[in-house]
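Chemist: The structure's right below; bear with me while I get my questions together.
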Amino acid sequence: MQYTQIIDISLPLTGKTIVYPGNPKIEISEIKSEASKSIISKIVSASHNGTHIDAPRHAIHGGISIDEFSLDMFMGLCRVIDCTGDVGAVSKDILETQNVLEGERILLKTSNSLRGYNEFYPDFVYLSSEGAEYLAETGVKLVGIDYLSIKQKGSTDNRPHTLLLEKNIPIIEGIDLSQVEPEEYTLVAFPLRYVGIDGAPARVVLLKN
Ligand SMILES: [Zn+2]
């Protein structure tokens, strides 16, 4: 694989990492073995903390779990789309102007990336339901967004999740695109192999040619 740079778009995981309200915070504590003097860490977290990938089971009854995805979903060409001009929600209009194609992996760069991840903003930019419908109908392979949820905080309209997940389109949430120009990259984003659950953390990087 040819590349000149690896751009890490994963959020650092510490006890201070912001989490979506209601999710358990990350807790990390060191445990020392008296016998061997070696150190291990006990980690308490949630499947949707930090940079992570949503599986259909998150929003669809009977949907597949994170370990049931084929790994080739998570590696290959992707395109970062500039949505920083969209206020509130990523609109269908901006996606249409980008001529999104079937089979593309699409990462949405919004003003969330410019605000940073030091504190939780309830008014984060999310994907509109019309935008999700457009991406699902186009048949993209994967969608990513630069905040901890793809849907509006507090909204009962869960279509940004359901329209994508019912088509087995994985959603990467919690990526930091502040250092990323909107163009094409190779994505590498393997979720941890937790079995039977709704999502899992991932180390997500972009390879620049
Ligand atoms: Zn999630």
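Starting from 1 in every chain, residues are counted up; chains themselves are A, B, ... following the order of the structure tokens, and ligands are numbered from 1 as listed.
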From the DSSP assignment of the backbone, select every residue of segment 38-165 of chain A that is strand (DSSP E), and format the answer as a ChimeraX atom specification.

Modeler: /A:39-44,52-54,75-82,89-90,105-109,126-127,142-145

Chemist: Which residues, written as a list in words, have at least one atom at most 6 Å from Asp54 of chain A, with only C-alpha atoms counted and residues fewer than 6 positions away on the same chain left out?

Modeler: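 Here the qualifying residues turn out to be Pro170, Ile171 and Gly199 of chain A.
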
Chemist: Convert the current residue selection to file output with N, CA and C atoms, as a compact mmCIF listing (two decimals), in the first residue's frame.

Modeler:
# COMPACT_ATOMS: atom_id res chain seq x y z
N PRO A 170 -22.17 0.48 8.02
CA PRO A 170 -21.63 0.83 9.34
C PRO A 170 -21.43 2.34 9.46
N ILE A 171 -21.55 2.84 10.68
CA ILE A 171 -21.40 4.28 10.95
C ILE A 171 -20.23 4.46 11.91
N GLY A 199 -21.73 -2.36 18.84
CA GLY A 199 -20.72 -1.45 18.32
C GLY A 199 -19.42 -1.70 19.07

Chemist: In Å to one decimal, how far is atom CA of Pro56 of chain A from atom CA of Asn168 of chain A?

Modeler: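 Computing it gives 6.1 Å between the two atoms.
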
Chemist: For Arg79 of chain A, find every residue with an atom within 6 Å (counting only C-alpha atoms), except residues of its own chain fewer than 2 positions away, and show them as number ranges by chain.

Modeler: A: 106, 183-184

Chemist: Selection from above, C-alpha atoms, as an mmCIF file, in the first residue's frame, can you write it?

Modeler:
data_model
loop_
_atom_site.group_PDB
_atom_site.id
_atom_site.type_symbol
_atom_site.label_atom_id
_atom_site.label_comp_id
_atom_site.auth_asym_id
_atom_site.auth_seq_id
_atom_site.Cartn_x
_atom_site.Cartn_y
_atom_site.Cartn_z
ATOM 1 C CA ILE A 106 -17.977 8.850 3.025
ATOM 2 C CA GLU A 183 -10.234 14.819 -0.407
ATOM 3 C CA GLU A 184 -9.658 11.104 -1.046
#

Chemist: Check the DSSP output for the backbone and give back, as a PyMOL selection string, the residues of segment 37-198 of chain A in alpha helix (DSSP H).

Modeler: chain A and resi 92-97+112-115+129-138+159-165

Chemist: If you take only C-alpha atoms and all ligand atoms and a cut-off of 9 Å, which residues of chain A touch ligand 1, and what are their nearest atom pairs and distances in Å to one decimal, in chain and number order, as a Markdown table?

Modeler:
| residue | atom | partner | partner_atom_place_in_ligand_line | distance |
| --- | --- | --- | --- | --- |
| A:Ser47 | CA | ligand 1 | 1 (Zn) | 7.5 |
| A:His48 | CA | ligand 1 | 1 (Zn) | 4.6 |
| A:Asn49 | CA | ligand 1 | 1 (Zn) | 7.6 |
| A:Thr51 | CA | ligand 1 | 1 (Zn) | 8.7 |
| A:His52 | CA | ligand 1 | 1 (Zn) | 6.4 |
| A:Ile53 | CA | ligand 1 | 1 (Zn) | 6.2 |
| A:Asp54 | CA | ligand 1 | 1 (Zn) | 4.8 |
| A:Ala55 | CA | ligand 1 | 1 (Zn) | 8.2 |
| A:His58 | CA | ligand 1 | 1 (Zn) | 7.5 |
| A:Leu148 | CA | ligand 1 | 1 (Zn) | 6.6 |
| A:Ser149 | CA | ligand 1 | 1 (Zn) | 5.8 |
| A:Ile150 | CA | ligand 1 | 1 (Zn) | 7.8 |
| A:His161 | CA | ligand 1 | 1 (Zn) | 8.9 |
| A:Ile171 | CA | ligand 1 | 1 (Zn) | 7.5 |
| A:Ile172 | CA | ligand 1 | 1 (Zn) | 7.5 |
| A:Glu173 | CA | ligand 1 | 1 (Zn) | 5.9 |
| A:Gly174 | CA | ligand 1 | 1 (Zn) | 8.2 |
| A:Asp198 | CA | ligand 1 | 1 (Zn) | 8.3 |
| A:Gly199 | CA | ligand 1 | 1 (Zn) | 6.6 |
| A:Ala200 | CA | ligand 1 | 1 (Zn) | 8.3 |

Chemist: Next, dump the selected residues to file, keeping only C-alpha atoms, as a PDB file, in the first residue's frame.

Modeler:
ATOM      1  CA  SER A  47     -19.206   0.296  23.344  1.00  0.00           C
ATOM      2  CA  HIS A  48     -19.946   3.824  22.027  1.00  0.00           C
ATOM      3  CA  ASN A  49     -17.250   5.829  23.796  1.00  0.00           C
ATOM      4  CA  THR A  51     -14.008   6.766  18.227  1.00  0.00           C
ATOM      5  CA  HIS A  52     -16.221   3.777  17.539  1.00  0.00           C
ATOM      6  CA  ILE A  53     -18.324   2.008  14.932  1.00  0.00           C
ATOM      7  CA  ASP A  54     -22.080   1.417  15.176  1.00  0.00           C
ATOM      8  CA  ALA A  55     -23.438  -1.947  14.047  1.00  0.00           C
ATOM      9  CA  HIS A  58     -27.488  -0.616  17.820  1.00  0.00           C
ATOM     10  CA  LEU A 148     -20.245  11.034  19.138  1.00  0.00           C
ATOM     11  CA  SER A 149     -23.618  10.537  17.470  1.00  0.00           C
ATOM     12  CA  ILE A 150     -24.883  10.827  13.913  1.00  0.00           C
ATOM     13  CA  HIS A 161     -29.146   5.606  12.437  1.00  0.00           C
ATOM     14  CA  ILE A 171     -21.402   4.275  10.950  1.00  0.00           C
ATOM     15  CA  ILE A 172     -18.136   5.568  12.368  1.00  0.00           C
ATOM     16  CA  GLU A 173     -18.728   8.118  15.119  1.00  0.00           C
ATOM     17  CA  GLY A 174     -16.327  10.245  17.102  1.00  0.00           C
ATOM     18  CA  ASP A 198     -23.999  -3.208  19.046  1.00  0.00           C
ATOM     19  CA  GLY A 199     -20.716  -1.452  18.317  1.00  0.00           C
ATOM     20  CA  ALA A 200     -17.068  -1.292  19.268  1.00  0.00           C
TER      21      ALA A 200
END

Chemist: Produce a table with one row for each residue of segment 41-95 of chain A that has an atom at most 12 Å from any atom of segment 121-124 of chain A, each row naming the nearest atom pair and its distance in Å at one decimal; use only C-alpha atoms; arrange rows by chain and rising residue number; format as JSON lines.

Modeler:
{"residue": "A:Thr84", "atom": "CA", "partner": "A:Phe124", "partner_atom": "CA", "distance": 11.8}
{"residue": "A:Asp86", "atom": "CA", "partner": "A:Phe124", "partner_atom": "CA", "distance": 11.4}
{"residue": "A:Val87", "atom": "CA", "partner": "A:Phe124", "partner_atom": "CA", "distance": 9.4}
{"residue": "A:Gly88", "atom": "CA", "partner": "A:Phe124", "partner_atom": "CA", "distance": 7.1}
{"residue": "A:Ala89", "atom": "CA", "partner": "A:Phe124", "partner_atom": "CA", "distance": 8.4}
{"residue": "A:Val90", "atom": "CA", "partner": "A:Phe124", "partner_atom": "CA", "distance": 10.7}

Chemist: Go ahead and write the selection's residues with C-alpha atoms as a compact mmCIF listing (two decimals), in the first residue's frame.

Modeler:
# COMPACT_ATOMS: atom_id res chain seq x y z
CA THR A 84 -18.35 22.80 7.53
CA ASP A 86 -23.80 23.39 7.02
CA VAL A 87 -25.21 24.83 10.22
CA GLY A 88 -27.14 22.49 12.52
CA ALA A 89 -27.35 19.44 10.29
CA VAL A 90 -25.61 17.98 7.25

Chemist: Give me the residues within 10 Å of Lys167 of chain A as an NGL selection string, counting only C-alpha atoms and dropping any in the same chain fewer than 3 places off.

Modeler: :A and (56 or 63 or 136-137 or 139-141 or 162-164 or 170)

Chemist: Would you list the contacts of Gly131 of chain A as a list in words, taking every protein, DNA or RNA residue within 10 Å and counting only C-alpha atoms, but skipping same-chain residues closer than 3 positions in sequence?

Modeler: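 Skipping anything fewer than 3 positions along the chain leaves Ala89, Val90, Ser91, Lys92, Asp93, Ile94, Leu95, Glu96, Tyr126, Leu127, Ser128, Tyr134, Leu135, Ala136, Glu137, Arg159, Pro160 and Leu163 of chain A.
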
Chemist: Take the residues from that selection and write them out as a short mmCIF file (atom, residue, chain, number, x, y, z; two decimals), in the first residue's frame, keeping C-alpha atoms.

Modeler:
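Written out: result-v8.cif:
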data_model
loop_
_atom_site.label_atom_id
_atom_site.label_comp_id
_atom_site.auth_asym_id
_atom_site.auth_seq_id
_atom_site.Cartn_x
_atom_site.Cartn_y
_atom_site.Cartn_z
CA ALA A 89 -27.35 19.44 10.29
CA VAL A 90 -25.61 17.98 7.25
CA SER A 91 -28.18 18.54 4.53
CA LYS A 92 -29.15 16.41 1.56
CA ASP A 93 -28.30 19.41 -0.63
CA ILE A 94 -24.62 19.45 0.22
CA LEU A 95 -24.35 15.70 -0.31
CA GLU A 96 -26.03 15.99 -3.71
CA TYR A 126 -25.56 15.82 12.96
CA LEU A 127 -26.69 14.12 9.73
CA SER A 128 -30.20 15.12 8.69
CA TYR A 134 -29.87 10.00 0.32
CA LEU A 135 -26.71 8.15 1.42
CA ALA A 136 -28.64 4.92 2.10
CA GLU A 137 -30.43 5.06 -1.26
CA ARG A 159 -33.63 7.74 11.03
CA PRO A 160 -30.00 8.87 10.66
CA LEU A 163 -31.85 4.23 7.45
#

Chemist: Residues at most 12 Å from segment 29-40 of chain A, counting only C-alpha atoms, excluding those fewer than 5 positions away in the same chain, as a PyMOL selection string?

Modeler: chain A and resi 14-15+45

Chemist: Do a neighbour search on segment 8-13 of chain A at 7 Å with only C-alpha atoms, toss out local chain neighbours closer than 4 positions, and write the hits as a short mmCIF file (atom, residue, chain, number, x, y, z; two decimals) with N, CA and C atoms, in the first residue's frame.

Modeler:
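The result, written out as selection20.cif:
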data_model
loop_
_atom_site.label_atom_id
_atom_site.label_comp_id
_atom_site.auth_asym_id
_atom_site.auth_seq_id
_atom_site.Cartn_x
_atom_site.Cartn_y
_atom_site.Cartn_z
N THR A 17 -11.86 11.77 28.67
CA THR A 17 -12.48 11.80 27.34
C THR A 17 -13.98 12.06 27.46
N GLY A 50 -15.65 7.31 22.75
CA GLY A 50 -14.52 7.62 21.88
C GLY A 50 -14.86 7.33 20.42
N THR A 51 -13.82 7.10 19.64
CA THR A 51 -14.01 6.77 18.23
C THR A 51 -14.48 5.32 18.14
N GLY A 174 -17.41 9.79 16.22
CA GLY A 174 -16.33 10.25 17.10
C GLY A 174 -14.97 10.32 16.42
N ILE A 175 -14.95 10.67 15.12
CA ILE A 175 -13.67 10.91 14.47
C ILE A 175 -13.36 12.39 14.50
N ASP A 176 -12.07 12.71 14.57
CA ASP A 176 -11.62 14.10 14.62
C ASP A 176 -10.99 14.44 13.26
N LEU A 177 -11.71 15.27 12.50
CA LEU A 177 -11.23 15.59 11.14
C LEU A 177 -10.60 16.98 11.07
N ARG A 203 -9.52 2.05 16.16
CA ARG A 203 -8.46 3.01 15.86
C ARG A 203 -8.62 3.34 14.39
N VAL A 204 -8.93 4.59 14.10
CA VAL A 204 -9.28 4.97 12.73
C VAL A 204 -8.21 5.90 12.18
N VAL A 205 -7.64 5.52 11.05
CA VAL A 205 -6.62 6.35 10.42
C VAL A 205 -6.92 6.53 8.94
N LEU A 206 -6.37 7.62 8.41
CA LEU A 206 -6.43 7.89 6.97
C LEU A 206 -5.02 7.85 6.43
#

Chemist: Point out the residue among A:Glu166, A:Glu181, A:Glu27, A:Glu68 with the least atom-to-atom distance to Glu133 of chain A, counting only C-alpha atoms.

Modeler: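 Of A:Glu166, A:Glu181, A:Glu27, A:Glu68, the one nearest Glu133 of chain A, counting only C-alpha atoms, is A:Glu166.
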
Chemist: Calculate how many Å separate atom CA of Gln98 of chain A from atom CA of Asn112 of chain A, rounding to one decimal.

Modeler: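 Answer for the atom CA of Gln98 of chain A to atom CA of Asn112 of chain A separation: 19.6 Å.
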